[in-house]
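*Asks:* Below: one structure in structure tokens.
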Amino acid sequence: MNVIKTLTKSLREFKKETILSPVLVSLEVVVECLIPLYMVTMLERIQEDNSIENILFWGGLLLLMAAVSLLFGMLAGRYAARASAGFSKNLRTDIYSAIQGFSFANIDKFSASSLVTRMTTDVFNIQNAFMMIIRIAVRSPIMLVVSVIMAFTINWKIALIFLAIIPVLGVGLFAIFKKVDPIFAKVFKRYDAMNESIQENIKGIRVVKSYVREDYEMKKFGATAQSVRAQFQRGEMIIALNGPLMQFAIWTAIAATCMFGSRLIVESGGTDLSAAALSSLIAYGAQCMSALMTLSMVMVMISIATSSSERVAEVLEEKSTLTNPENPVYEVKDGSVEFRGVSFKYSEKAERYALSDVDLRIEPGQTVGILGGTGSSKTSLVNLIPRLYDATKGEVLVGGVNVKDYDLESLRDQVSVVLQKNVLFSGTIKENLRWGNPDATDEELVEACKRAQAHEFVSSFPDGYDTYIEQGGTNVSGGQKQRLCIARALLKKPKILILDDSTSAVDTKTDALIRQAFREEIPDVTKFIIAQRVSSVEDADVILIMDGGRIVAKGKHEDLLANNKIYQEVYYSQNRMGASADDLKKESGTEGTAFEEEGGEKE
């Protein structure tokens, strides 16, 4: 019931169609079920008077009833189509809106491929089931009940045949669907895995081709597709029993009706049952059985849609782990940042912390360089500043206020982040840049691009700032993409700017020019620069050395170079590429490096 309650919230403007469809179906069924009963009277009247006028009169009434039933059916179908299509549109919109409000922790819970499956395949299944429910699932029970009642009004003894078959058939159908329901629940998990395989392959298609691994990828996808096929086949084989069972019930009912009805006519001489009444009983028997068969088809669709409904409701009911406080702070005073005893892990179930015991104070306008090996949690540290995640322990303060006390939108408007994975969207360069500020003028766009060292290459394009960027920015180089993303971040005019390894694809000269522009043109902005190159952070006010989720050293370039063995090793390895590893260790006095990779943790 909770799932149904959650999903029906998406009906909204299509409630009228949702109500009208079953009402019209009910009227269609009533008229349709009256036709066999009317036929008994019609045949009797024609037997009494077989004149052409009498035949045309009673035949005309029959055609009128059929036309009315057809009209109700057409209108019901039209409203059902509008309701189901509108419902699925609202569902997809609501899912998409829910995802937009998710925190990174919520996104981590659902894989991207799973969310895509839920918005496409699962919603499609729900749409089909919904249309059947408001039309066929209403029509079949009403037709079944009315047909049985009408059959009893003609001859209760023959009508008992229908009552005897219905429960037997119902038990058989229930057994089928009870067996098949868990199978379809597994199928959609396999769908997620298949979509994930497709998504991964498409994103990494250049790597696949460069390593000539097409055959391997096809075999891997084939195994996943085979798993989906096997589960579907198993479910469909069980559901296929529905057809023979229904056919057996229909023909058994009709055969029994004909046999016992004919015998009753002969024995009573037509007084207890006439030939016309028997034909009506056969018609009602066919209606009863066809109603059950149609209802069984609906049950098949509902069985498939049940798992889909639960998966969609799971997304809609998911609450963001990050919410605004009751009385949020809307103004960020300055770009100061402070970490007070901060520890963080991505999941409550995680055995180890990604960050441990971080204490740090950064003044407004300072430039902070962050160095560390893969898995040292550099990205985890800066993700806490714009509250992309919440600290598990301790406090993160921006402008002297705990980030949990800010209005989320106000905080993030003042913290620009250029993430590790630079993303450009399909559209012009202008449109991509204005993600940073929708109201930015052309002059502001140019100024931001000059600071990010992007203006020169943008101007070289035939269409300049109106150049169209393909989805994912595939028609620009990695370095160009990074500079456009930096320009986009600068357009927000933030108090804090975070560059997460965002100049890794640009040459050292361009990197230096970007940092020079930052020093000279945005001196009041607090800047966090995560980098692998020492040259990218050596002029920072403070450099943090991270290892194992901890800040193991901090200071200026000169101090770290003179006193920190880890920093010495990294510096000399990058500035004396000709030296051997043993020479560097000997010169720096270290026996090993703390910049070894640590698997199993997110950056």
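Ligands are numbered from 1 in the order shown, chains are lettered A, B, ... in the order of the structure tokens, and residues start at 1 in each chain.
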Which neighbours of Thr503 in chain A fall inside 9 Å, counting only C-alpha atoms, when residues of the same chain fewer than 2 positions from it are skipped, and could you give them as a ChimeraX atom specification?
*Replies:* /A:479,482-483,486,499-501,505-508,510-511,531,536
*Asks:* Could the residues in this selection be saved with N, CA and C atoms as a CSV table (one decimal), in the first residue's frame?
*Replies:*
chain,number,residue,atom,x,y,z
A,479,GLY,N,42.7,19.3,-22.1
A,479,GLY,CA,43.2,20.6,-21.5
A,479,GLY,C,42.2,21.7,-21.8
A,482,GLN,N,39.3,21.3,-19.4
A,482,GLN,CA,39.6,21.8,-18.1
A,482,GLN,C,39.5,23.3,-17.9
A,483,ARG,N,40.1,24.0,-18.9
A,483,ARG,CA,40.1,25.4,-18.9
A,483,ARG,C,38.7,26.0,-19.0
A,486,ILE,N,37.1,25.6,-15.6
A,486,ILE,CA,37.7,26.6,-14.6
A,486,ILE,C,37.0,28.0,-14.9
A,499,LEU,N,39.9,23.6,-7.0
A,499,LEU,CA,40.4,22.9,-8.2
A,499,LEU,C,40.9,21.5,-7.9
A,500,ASP,N,40.1,20.5,-8.2
A,500,ASP,CA,40.5,19.2,-7.9
A,500,ASP,C,41.2,18.5,-9.0
A,501,ASP,N,42.6,18.7,-9.0
A,501,ASP,CA,43.4,18.1,-10.1
A,501,ASP,C,42.9,18.6,-11.5
A,505,ALA,N,45.7,18.3,-17.3
A,505,ALA,CA,45.8,18.1,-18.8
A,505,ALA,C,46.4,19.3,-19.5
A,506,VAL,N,46.8,20.3,-18.7
A,506,VAL,CA,47.3,21.5,-19.4
A,506,VAL,C,48.9,21.5,-19.2
A,507,ASP,N,49.6,22.2,-20.0
A,507,ASP,CA,51.0,22.2,-19.9
A,507,ASP,C,51.4,23.1,-18.8
A,508,THR,N,52.7,23.0,-18.3
A,508,THR,CA,53.1,23.7,-17.2
A,508,THR,C,53.1,25.2,-17.3
A,510,THR,N,50.9,27.0,-19.2
A,510,THR,CA,49.5,27.4,-19.1
A,510,THR,C,49.1,27.3,-17.6
A,511,ASP,N,49.5,26.3,-16.9
A,511,ASP,CA,49.2,26.1,-15.5
A,511,ASP,C,49.7,27.3,-14.7
A,531,ALA,N,46.7,18.8,-6.6
A,531,ALA,CA,47.5,18.6,-7.8
A,531,ALA,C,48.4,17.4,-7.5
A,536,SER,N,52.5,23.0,-9.5
A,536,SER,CA,51.2,23.6,-9.4
A,536,SER,C,50.8,24.2,-8.1
*Asks:* What residues in range 310-527 of chain A get the DSSP label strand (DSSP E or B)? Please answer as number ranges by chain.
*Replies:* A: 329, 337-344, 355-362, 367-372, 393-398, 401-402, 406, 415-418, 427-428, 468-469, 496-500, 526-527
*Asks:* Got a sec to tell me which of range 365-594 of chain A DSSP assigns to alpha helix (DSSP H), as a count of residues only?
*Replies:* 86
*Asks:* So that I can see what lies close to range 104-111 of chain A, please list as a PDB file with C-alpha atoms, in the first residue's frame the residues with an atom at most 12 Å from it, counting only C-alpha atoms and leaving out residues fewer than 2 positions away in the same chain.
*Replies:*
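In the end it all went to out-v7.pdb:
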ATOM      1  CA  ALA A  98      14.249  13.338  -6.821  1.00  0.00           C
ATOM      2  CA  ILE A  99      17.679  12.494  -8.245  1.00  0.00           C
ATOM      3  CA  GLN A 100      18.503  16.197  -8.596  1.00  0.00           C
ATOM      4  CA  GLY A 101      17.898  16.591  -4.874  1.00  0.00           C
ATOM      5  CA  PHE A 102      20.065  13.625  -3.895  1.00  0.00           C
ATOM      6  CA  SER A 113      22.753   2.255 -14.618  1.00  0.00           C
ATOM      7  CA  SER A 114      20.118   1.275 -12.051  1.00  0.00           C
ATOM      8  CA  LEU A 115      18.610   4.771 -12.089  1.00  0.00           C
ATOM      9  CA  VAL A 116      18.453   4.704 -15.895  1.00  0.00           C
ATOM     10  CA  THR A 117      16.687   1.317 -15.803  1.00  0.00           C
ATOM     11  CA  ARG A 118      14.180   2.595 -13.277  1.00  0.00           C
ATOM     12  CA  LYS A 189      18.674  -6.576 -10.928  1.00  0.00           C
ATOM     13  CA  ASP A 192      20.855  -3.054 -13.924  1.00  0.00           C
ATOM     14  CA  ALA A 193      24.019  -5.099 -14.429  1.00  0.00           C
ATOM     15  CA  ASN A 195      22.908  -1.464 -18.433  1.00  0.00           C
ATOM     16  CA  GLU A 196      25.990  -0.879 -16.307  1.00  0.00           C
ATOM     17  CA  SER A 197      28.026  -3.004 -18.721  1.00  0.00           C
ATOM     18  CA  GLN A 199      27.392   2.346 -19.950  1.00  0.00           C
ATOM     19  CA  GLU A 200      30.915   1.334 -18.944  1.00  0.00           C
ATOM     20  CA  ARG A 311      12.137  -0.054  -7.449  1.00  0.00           C
ATOM     21  CA  VAL A 312      10.606   3.245  -8.572  1.00  0.00           C
ATOM     22  CA  GLU A 314      12.422   3.256  -3.564  1.00  0.00           C
ATOM     23  CA  VAL A 315      13.869   6.200  -5.495  1.00  0.00           C
ATOM     24  CA  LEU A 316      10.861   8.464  -4.845  1.00  0.00           C
ATOM     25  CA  GLU A 317      10.883   7.691  -1.119  1.00  0.00           C
ATOM     26  CA  GLU A 318      14.627   8.167  -0.744  1.00  0.00           C
ATOM     27  CA  LYS A 319      15.377  11.200   1.401  1.00  0.00           C
ATOM     28  CA  SER A 320      18.499  13.239   0.816  1.00  0.00           C
ATOM     29  CA  THR A 321      21.102  12.815   3.512  1.00  0.00           C
ATOM     30  CA  LEU A 322      21.709  16.567   3.251  1.00  0.00           C
ATOM     31  CA  LYS A 345      33.564   7.846   6.101  1.00  0.00           C
ATOM     32  CA  TYR A 346      31.331   7.301   3.106  1.00  0.00           C
ATOM     33  CA  SER A 347      29.027   4.787   4.765  1.00  0.00           C
ATOM     34  CA  GLU A 348      28.008   3.933   8.297  1.00  0.00           C
ATOM     35  CA  SER A 380      37.161  13.719   0.302  1.00  0.00           C
ATOM     36  CA  ASN A 383      34.064  17.713  -0.765  1.00  0.00           C
ATOM     37  CA  LEU A 384      33.158  18.586   2.817  1.00  0.00           C
ATOM     38  CA  PRO A 386      30.541  22.820  -0.166  1.00  0.00           C
ATOM     39  CA  ARG A 387      28.761  20.102   1.861  1.00  0.00           C
ATOM     40  CA  LEU A 388      28.689  17.529  -0.901  1.00  0.00           C
ATOM     41  CA  TYR A 389      29.044  15.145   2.038  1.00  0.00           C
ATOM     42  CA  ASP A 390      28.625  15.751   5.772  1.00  0.00           C
ATOM     43  CA  ALA A 391      31.447  15.124   8.205  1.00  0.00           C
ATOM     44  CA  LYS A 602      37.570   6.864  -2.578  1.00  0.00           C
TER      45      LYS A 602
END
*Asks:* What does the distance between CA of Ser280 in chain A and CA of Arg135 in chain A come to in Å, to one decimal place?
*Replies:*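 Here the two named atoms are 25.2 Å from each other.
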*Asks:* Between CA of Thr379 in chain A and CA of Val207 in chain A, what distance in Å does the model show, to one decimal?
*Replies:*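 About the pair CA of Thr379 in chain A and CA of Val207 in chain A: they are 25.0 Å apart.
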*Asks:* Write out as a PDB file with N, CA and C atoms, in the first residue's frame each polymer residue whose atoms come within 12 Å of Gly473 in chain A, counting only C-alpha atoms; drop sequence neighbours fewer than 5 positions from it.
*Replies:*
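Resulting contents of around_25.pdb:
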ATOM      1  N   LYS A 421      36.590  14.901 -12.628  1.00  0.00           N
ATOM      2  CA  LYS A 421      36.006  14.547 -13.922  1.00  0.00           C
ATOM      3  C   LYS A 421      35.296  15.774 -14.480  1.00  0.00           C
ATOM      4  N   ASN A 422      35.966  16.441 -15.395  1.00  0.00           N
ATOM      5  CA  ASN A 422      35.401  17.657 -15.980  1.00  0.00           C
ATOM      6  C   ASN A 422      34.253  17.298 -16.917  1.00  0.00           C
ATOM      7  N   VAL A 423      33.130  17.948 -16.737  1.00  0.00           N
ATOM      8  CA  VAL A 423      31.941  17.639 -17.523  1.00  0.00           C
ATOM      9  C   VAL A 423      31.464  18.890 -18.253  1.00  0.00           C
ATOM     10  N   LEU A 424      31.329  18.764 -19.571  1.00  0.00           N
ATOM     11  CA  LEU A 424      30.679  19.789 -20.380  1.00  0.00           C
ATOM     12  C   LEU A 424      29.420  19.169 -20.965  1.00  0.00           C
ATOM     13  N   PHE A 425      28.393  19.986 -21.106  1.00  0.00           N
ATOM     14  CA  PHE A 425      27.128  19.490 -21.612  1.00  0.00           C
ATOM     15  C   PHE A 425      26.944  19.889 -23.071  1.00  0.00           C
ATOM     16  N   SER A 426      26.116  19.158 -23.769  1.00  0.00           N
ATOM     17  CA  SER A 426      25.856  19.494 -25.170  1.00  0.00           C
ATOM     18  C   SER A 426      25.229  20.882 -25.240  1.00  0.00           C
ATOM     19  N   GLY A 427      25.761  21.694 -26.111  1.00  0.00           N
ATOM     20  CA  GLY A 427      25.332  23.092 -26.242  1.00  0.00           C
ATOM     21  C   GLY A 427      26.524  23.941 -26.636  1.00  0.00           C
ATOM     22  N   THR A 428      26.328  25.236 -26.770  1.00  0.00           N
ATOM     23  CA  THR A 428      27.423  26.119 -27.163  1.00  0.00           C
ATOM     24  C   THR A 428      28.350  26.369 -25.985  1.00  0.00           C
ATOM     25  N   ILE A 429      29.522  26.922 -26.288  1.00  0.00           N
ATOM     26  CA  ILE A 429      30.462  27.277 -25.223  1.00  0.00           C
ATOM     27  C   ILE A 429      29.833  28.308 -24.295  1.00  0.00           C
ATOM     28  N   ASN A 432      27.475  26.592 -21.915  1.00  0.00           N
ATOM     29  CA  ASN A 432      28.194  25.846 -20.883  1.00  0.00           C
ATOM     30  C   ASN A 432      28.785  26.787 -19.835  1.00  0.00           C
ATOM     31  N   THR A 467      30.562  28.193 -30.584  1.00  0.00           N
ATOM     32  CA  THR A 467      30.937  26.846 -31.020  1.00  0.00           C
ATOM     33  C   THR A 467      30.140  25.813 -30.235  1.00  0.00           C
ATOM     34  N   TYR A 468      29.627  24.824 -30.940  1.00  0.00           N
ATOM     35  CA  TYR A 468      28.798  23.802 -30.298  1.00  0.00           C
ATOM     36  C   TYR A 468      29.679  22.724 -29.673  1.00  0.00           C
ATOM     37  N   GLY A 478      41.336  17.478 -23.701  1.00  0.00           N
ATOM     38  CA  GLY A 478      41.226  17.416 -22.255  1.00  0.00           C
ATOM     39  C   GLY A 478      41.629  18.718 -21.592  1.00  0.00           C
ATOM     40  N   GLY A 479      42.720  19.321 -22.080  1.00  0.00           N
ATOM     41  CA  GLY A 479      43.165  20.590 -21.514  1.00  0.00           C
ATOM     42  C   GLY A 479      42.189  21.716 -21.773  1.00  0.00           C
ATOM     43  N   GLN A 480      41.616  21.765 -22.980  1.00  0.00           N
ATOM     44  CA  GLN A 480      40.617  22.784 -23.301  1.00  0.00           C
ATOM     45  C   GLN A 480      39.378  22.623 -22.427  1.00  0.00           C
ATOM     46  N   LYS A 481      38.987  21.371 -22.231  1.00  0.00           N
ATOM     47  CA  LYS A 481      37.815  21.106 -21.389  1.00  0.00           C
ATOM     48  C   LYS A 481      38.062  21.599 -19.964  1.00  0.00           C
ATOM     49  N   GLN A 482      39.265  21.326 -19.438  1.00  0.00           N
ATOM     50  CA  GLN A 482      39.586  21.759 -18.081  1.00  0.00           C
ATOM     51  C   GLN A 482      39.540  23.274 -17.948  1.00  0.00           C
ATOM     52  N   LEU A 484      37.843  25.435 -19.776  1.00  0.00           N
ATOM     53  CA  LEU A 484      36.455  25.912 -19.857  1.00  0.00           C
ATOM     54  C   LEU A 484      35.729  25.683 -18.536  1.00  0.00           C
ATOM     55  N   CYS A 485      36.028  24.568 -17.885  1.00  0.00           N
ATOM     56  CA  CYS A 485      35.390  24.280 -16.594  1.00  0.00           C
ATOM     57  C   CYS A 485      35.882  25.253 -15.521  1.00  0.00           C
TER      58      CYS A 485
END
*Asks:* Which is closest to Ser459 in chain A among A:Val396, A:Cys258, A:Met301, A:Val446, if we use only C-alpha atoms?
*Replies:*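 Distance minimum relative to Ser459 in chain A lands on A:Val446.
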*Asks:* What is the CA of Ile514 in chain A-CA of Lys495 in chain A distance in Å, reported with one decimal?
*Replies:*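 Between CA of Ile514 in chain A and CA of Lys495 in chain A the gap works out to 17.5 Å.
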*Asks:* Which residue, A:Thr271, A:Ser460, A:Ser279, A:Ser535, has the smallest gap to Leu37 in chain A when you use only C-alpha atoms?
*Replies:*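 Ranked by minimum distance to Leu37 in chain A, first place goes to A:Ser279.
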*Asks:* List the spatial neighbours of range 1-10 of chain A as a PyMOL selection string - criterion: any atom at most 6 Å away, only C-alpha atoms, same-chain residues fewer than 6 positions off excluded.
*Replies:* chain A and resi 90-91+313
*Asks:* Grab the residues selected above and save them as a JSON list (two decimals), in the first residue's frame with C-alpha atoms.
*Replies:*
[["chain", "number", "residue", "atom", "x", "y", "z"],
["A", 90, "ASN", "CA", 4.97, 12.48, -14.30],
["A", 91, "LEU", "CA", 6.72, 9.46, -12.81],
["A", 313, "ALA", "CA", 9.03, 3.88, -5.17]]
*Asks:* Choose the residue, out of A:Gln532, A:Tyr38, A:Asp524, A:Ser147, that has the smallest atom-to-atom separation from Gln287 in chain A; count only C-alpha atoms.
*Replies:*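 Closest residue, counting only C-alpha atoms: A:Ser147.
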*Asks:* Write out as a PyMOL selection string the residues lying within 12 Å of Ser69 in chain A, counting only C-alpha atoms and excluding same-chain residues fewer than 3 positions away.
*Replies:* chain A and resi 24-35+62-66+72-76
*Asks:* Write out as JSON, numbers by chain the residues lying within 9 Å of Gly399 in chain A, counting only C-alpha atoms and excluding same-chain residues fewer than 5 positions away.
*Replies:* {"A": [332, 333, 334, 335, 336, 337, 338, 364]}
*Asks:* Counting only C-alpha atoms, which residues in range 279-372 of chain A sit no more than 7 Å from range 527-530 of chain A? For each one, give the nearest pair of atoms and the distance in Å, sorted by chain then residue number, as a Markdown table.
*Replies:*
| residue | atom | partner | partner_atom | distance |
| --- | --- | --- | --- | --- |
| A:Gln366 | CA | A:Lys527 | CA | 6.4 |
| A:Thr367 | CA | A:Lys527 | CA | 4.6 |
| A:Val368 | CA | A:Phe528 | CA | 4.7 |
| A:Gly369 | CA | A:Ile529 | CA | 4.8 |
| A:Ile370 | CA | A:Ile530 | CA | 4.7 |
| A:Leu371 | CA | A:Ile530 | CA | 6.3 |
